[in-house]
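Take a look at the structure below.
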Amino acid sequence: MDANFTDDDLDRLERYLQAPERMEHTLPADAIQGLLAAVVSAPRPIMPSAWLPLVLGEEHEFPNDIQAEEVTRLLMRFHDATAQQLNAAEGFDFILYGEEGDEFEFEAWCEGYLMGVELADPPWDEVADEDEVEDMLFPFFVLSGRWKEAMEEAGEPAMPESEERELAEEQAEGLADTVLSNRRYWFEHNIPDTVRRESPKVGRNDPCPCGSGKKYKNCHGE
């Protein structure tokens, strides 16, 4: 864990989020890390106001101001630690529940990642080649279970269990490289925010838009 987000910090965050009265509405830590990895890797920055409700639940209310400050601070440090890992590009330390090699080990993590992808504005497939984005996200669809569900809904024949497990193992083995590659892709293709002018610029010698009849520089342009 990053020095700015320690194991103790993770424990404190989990105790709050997974309390019996909240756990039905909050995300577990593995899904949160997946979500934050996608948020950090987005084509354009995603504000905390967009992703915090996914972590806490849309109707979440903190018991008091002290816990609100503490939990929000922990989540922001979790975000920053995730960003630091991705930007360093020296590997990725996954937070995962369950036993290593378990078929569903990466399910929540990858579901969280796809939730983060869906927050992107503009969407990934609007600012990159659709086939390229499909390749970038394929491991997450496989490991989250969404790919299997889509196949079933489309009436496609089920893949033999042995082949399905082999595919999942292959995607899991390369997942860290994929996460880092996606971050690198959007870092290189980052879309800067632009200021949109709602009306044409008024020249200093043009009539003032207020209707006074004066030149703009002698009226509201002063």
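In the structure tokens, chains take letters A, B, ... by order of appearance, with residues numbered from 1 within each chain and ligands from 1 in the order shown.
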key: Trp109 of chain A surroundings by only C-alpha atoms, 12 Å radius, close-in-sequence under 5 positions cut, as a ChimeraX atom specification   = /A:27-38,94-98,104,114-116,139-145,172,175-176,179
task = Run DSSP on the backbone and grab whatever in segment 7-189 of chain A lands in alpha helix (DSSP H); send it over as a PyMOL selection string.
result = chain A and resi 7-17+29-40+48-56+65-88+107-118+124-127+130-144+146-153+161-173+175-188
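The nearest approach to Tyr185 of chain A among the residues A:Glu156, A:Glu100, A:Glu166, A:Glu132, with only C-alpha atoms taken into account, belongs to A:Glu132.
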task = Go ahead and compute the interatomic distance for atom CA of Ala81 of chain A and atom CA of Asn4 of chain A, in Å to one decimal.
result = 6.7 Å
inquiry  = Set the distance at 8 Å and use only C-alpha atoms: which residues neighbour Pro43 of chain A once local chain neighbours fewer than 2 positions away are removed? I'd like the list as a list in words.
reply    = Ser41, Pro45, Ala120, Asp121, Pro122, Pro123, Trp124, Trp186, Phe187, His189, Asn190 and Ile191 of chain A
Output all heavy atoms of each residue in that selection to a file, as a compact mmCIF listing (two decimals), in the first residue's frame.
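The resulting file, result29.txt, is reproduced below:
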# COMPACT_ATOMS: atom_id res chain seq x y z
N SER A 41 -7.77 7.10 -15.15
CA SER A 41 -7.37 6.85 -16.54
C SER A 41 -8.30 7.46 -17.58
O SER A 41 -8.15 7.19 -18.76
CB SER A 41 -7.29 5.33 -16.76
OG SER A 41 -6.42 4.72 -15.85
N PRO A 45 -10.48 14.61 -16.85
CA PRO A 45 -10.62 14.42 -15.40
C PRO A 45 -12.07 14.25 -14.95
O PRO A 45 -12.98 14.91 -15.46
CB PRO A 45 -10.02 15.71 -14.83
CG PRO A 45 -9.02 16.15 -15.86
CD PRO A 45 -9.64 15.79 -17.18
N ALA A 120 -16.97 8.41 -17.65
CA ALA A 120 -16.16 9.26 -18.51
C ALA A 120 -17.02 10.16 -19.39
O ALA A 120 -18.02 9.73 -19.96
CB ALA A 120 -15.25 8.41 -19.39
N ASP A 121 -16.63 11.41 -19.48
CA ASP A 121 -17.31 12.39 -20.32
C ASP A 121 -16.24 13.23 -21.02
O ASP A 121 -15.60 14.05 -20.36
CB ASP A 121 -18.23 13.27 -19.49
CG ASP A 121 -19.02 14.27 -20.34
OD1 ASP A 121 -19.14 14.04 -21.55
OD2 ASP A 121 -19.51 15.27 -19.78
N PRO A 122 -16.02 13.01 -22.31
CA PRO A 122 -16.78 12.16 -23.23
C PRO A 122 -16.48 10.67 -23.02
O PRO A 122 -15.44 10.33 -22.47
CB PRO A 122 -16.27 12.61 -24.61
CG PRO A 122 -14.87 13.07 -24.34
CD PRO A 122 -14.92 13.73 -22.99
N PRO A 123 -17.41 9.81 -23.48
CA PRO A 123 -17.20 8.36 -23.35
C PRO A 123 -15.98 7.90 -24.14
O PRO A 123 -15.60 8.51 -25.14
CB PRO A 123 -18.49 7.77 -23.96
CG PRO A 123 -19.50 8.87 -23.87
CD PRO A 123 -18.73 10.14 -24.06
N TRP A 124 -15.39 6.82 -23.67
CA TRP A 124 -14.18 6.30 -24.32
C TRP A 124 -14.40 6.06 -25.81
O TRP A 124 -13.55 6.41 -26.63
CB TRP A 124 -13.76 4.98 -23.67
CG TRP A 124 -13.17 5.10 -22.30
CD1 TRP A 124 -13.44 6.05 -21.35
CD2 TRP A 124 -12.19 4.23 -21.72
NE1 TRP A 124 -12.71 5.82 -20.22
CE2 TRP A 124 -11.93 4.72 -20.41
CE3 TRP A 124 -11.53 3.10 -22.16
CZ2 TRP A 124 -11.02 4.09 -19.55
CZ3 TRP A 124 -10.62 2.47 -21.31
CH2 TRP A 124 -10.37 2.97 -20.03
N TRP A 186 -4.65 6.94 -22.35
CA TRP A 186 -5.42 8.17 -22.14
C TRP A 186 -4.55 9.32 -21.66
O TRP A 186 -4.90 10.49 -21.87
CB TRP A 186 -6.59 7.92 -21.19
CG TRP A 186 -7.67 7.13 -21.85
CD1 TRP A 186 -8.13 5.90 -21.48
CD2 TRP A 186 -8.41 7.49 -23.02
NE1 TRP A 186 -9.11 5.47 -22.34
CE2 TRP A 186 -9.30 6.43 -23.29
CE3 TRP A 186 -8.40 8.60 -23.86
CZ2 TRP A 186 -10.18 6.46 -24.37
CZ3 TRP A 186 -9.28 8.63 -24.94
CH2 TRP A 186 -10.14 7.56 -25.18
N PHE A 187 -3.41 9.01 -21.04
CA PHE A 187 -2.47 10.08 -20.71
C PHE A 187 -1.94 10.71 -21.99
O PHE A 187 -1.79 11.93 -22.08
CB PHE A 187 -1.32 9.52 -19.88
CG PHE A 187 -0.28 10.56 -19.51
CD1 PHE A 187 -0.49 11.43 -18.46
CD2 PHE A 187 0.91 10.64 -20.23
CE1 PHE A 187 0.45 12.39 -18.13
CE2 PHE A 187 1.86 11.60 -19.91
CZ PHE A 187 1.63 12.48 -18.86
N HIS A 189 -3.48 10.63 -24.90
CA HIS A 189 -4.59 11.16 -25.70
C HIS A 189 -5.52 12.03 -24.86
O HIS A 189 -6.69 12.18 -25.16
CB HIS A 189 -5.41 10.02 -26.30
CG HIS A 189 -4.65 9.17 -27.28
ND1 HIS A 189 -3.74 8.22 -26.88
CD2 HIS A 189 -4.66 9.14 -28.64
CE1 HIS A 189 -3.22 7.62 -27.95
NE2 HIS A 189 -3.74 8.17 -29.01
N ASN A 190 -4.97 12.61 -23.79
CA ASN A 190 -5.80 13.41 -22.88
C ASN A 190 -6.48 14.54 -23.63
O ASN A 190 -5.88 15.21 -24.48
CB ASN A 190 -4.94 13.97 -21.75
CG ASN A 190 -5.76 14.69 -20.72
OD1 ASN A 190 -5.83 15.90 -20.72
ND2 ASN A 190 -6.40 13.94 -19.84
N ILE A 191 -7.76 14.78 -23.30
CA ILE A 191 -8.54 15.83 -23.93
C ILE A 191 -8.61 17.02 -22.98
O ILE A 191 -9.25 16.93 -21.94
CB ILE A 191 -9.97 15.35 -24.26
CG1 ILE A 191 -9.90 14.11 -25.15
CG2 ILE A 191 -10.77 16.46 -24.93
CD1 ILE A 191 -11.23 13.44 -25.32
query = Taking only C-alpha atoms into account, which of A:Gly91, A:Pro20, A:Pro160, A:Pro48 comes nearest Thr178 of chain A?
reply = A:Gly91
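Counting only C-alpha atoms, the residue from A:Ala158, A:Asp177, A:Leu56, A:Glu24 that sits nearest to Glu90 of chain A is A:Asp177.
The spacing separating atom CA of Thr26 of chain A from atom CA of Arg12 of chain A amounts to 14.4 Å.
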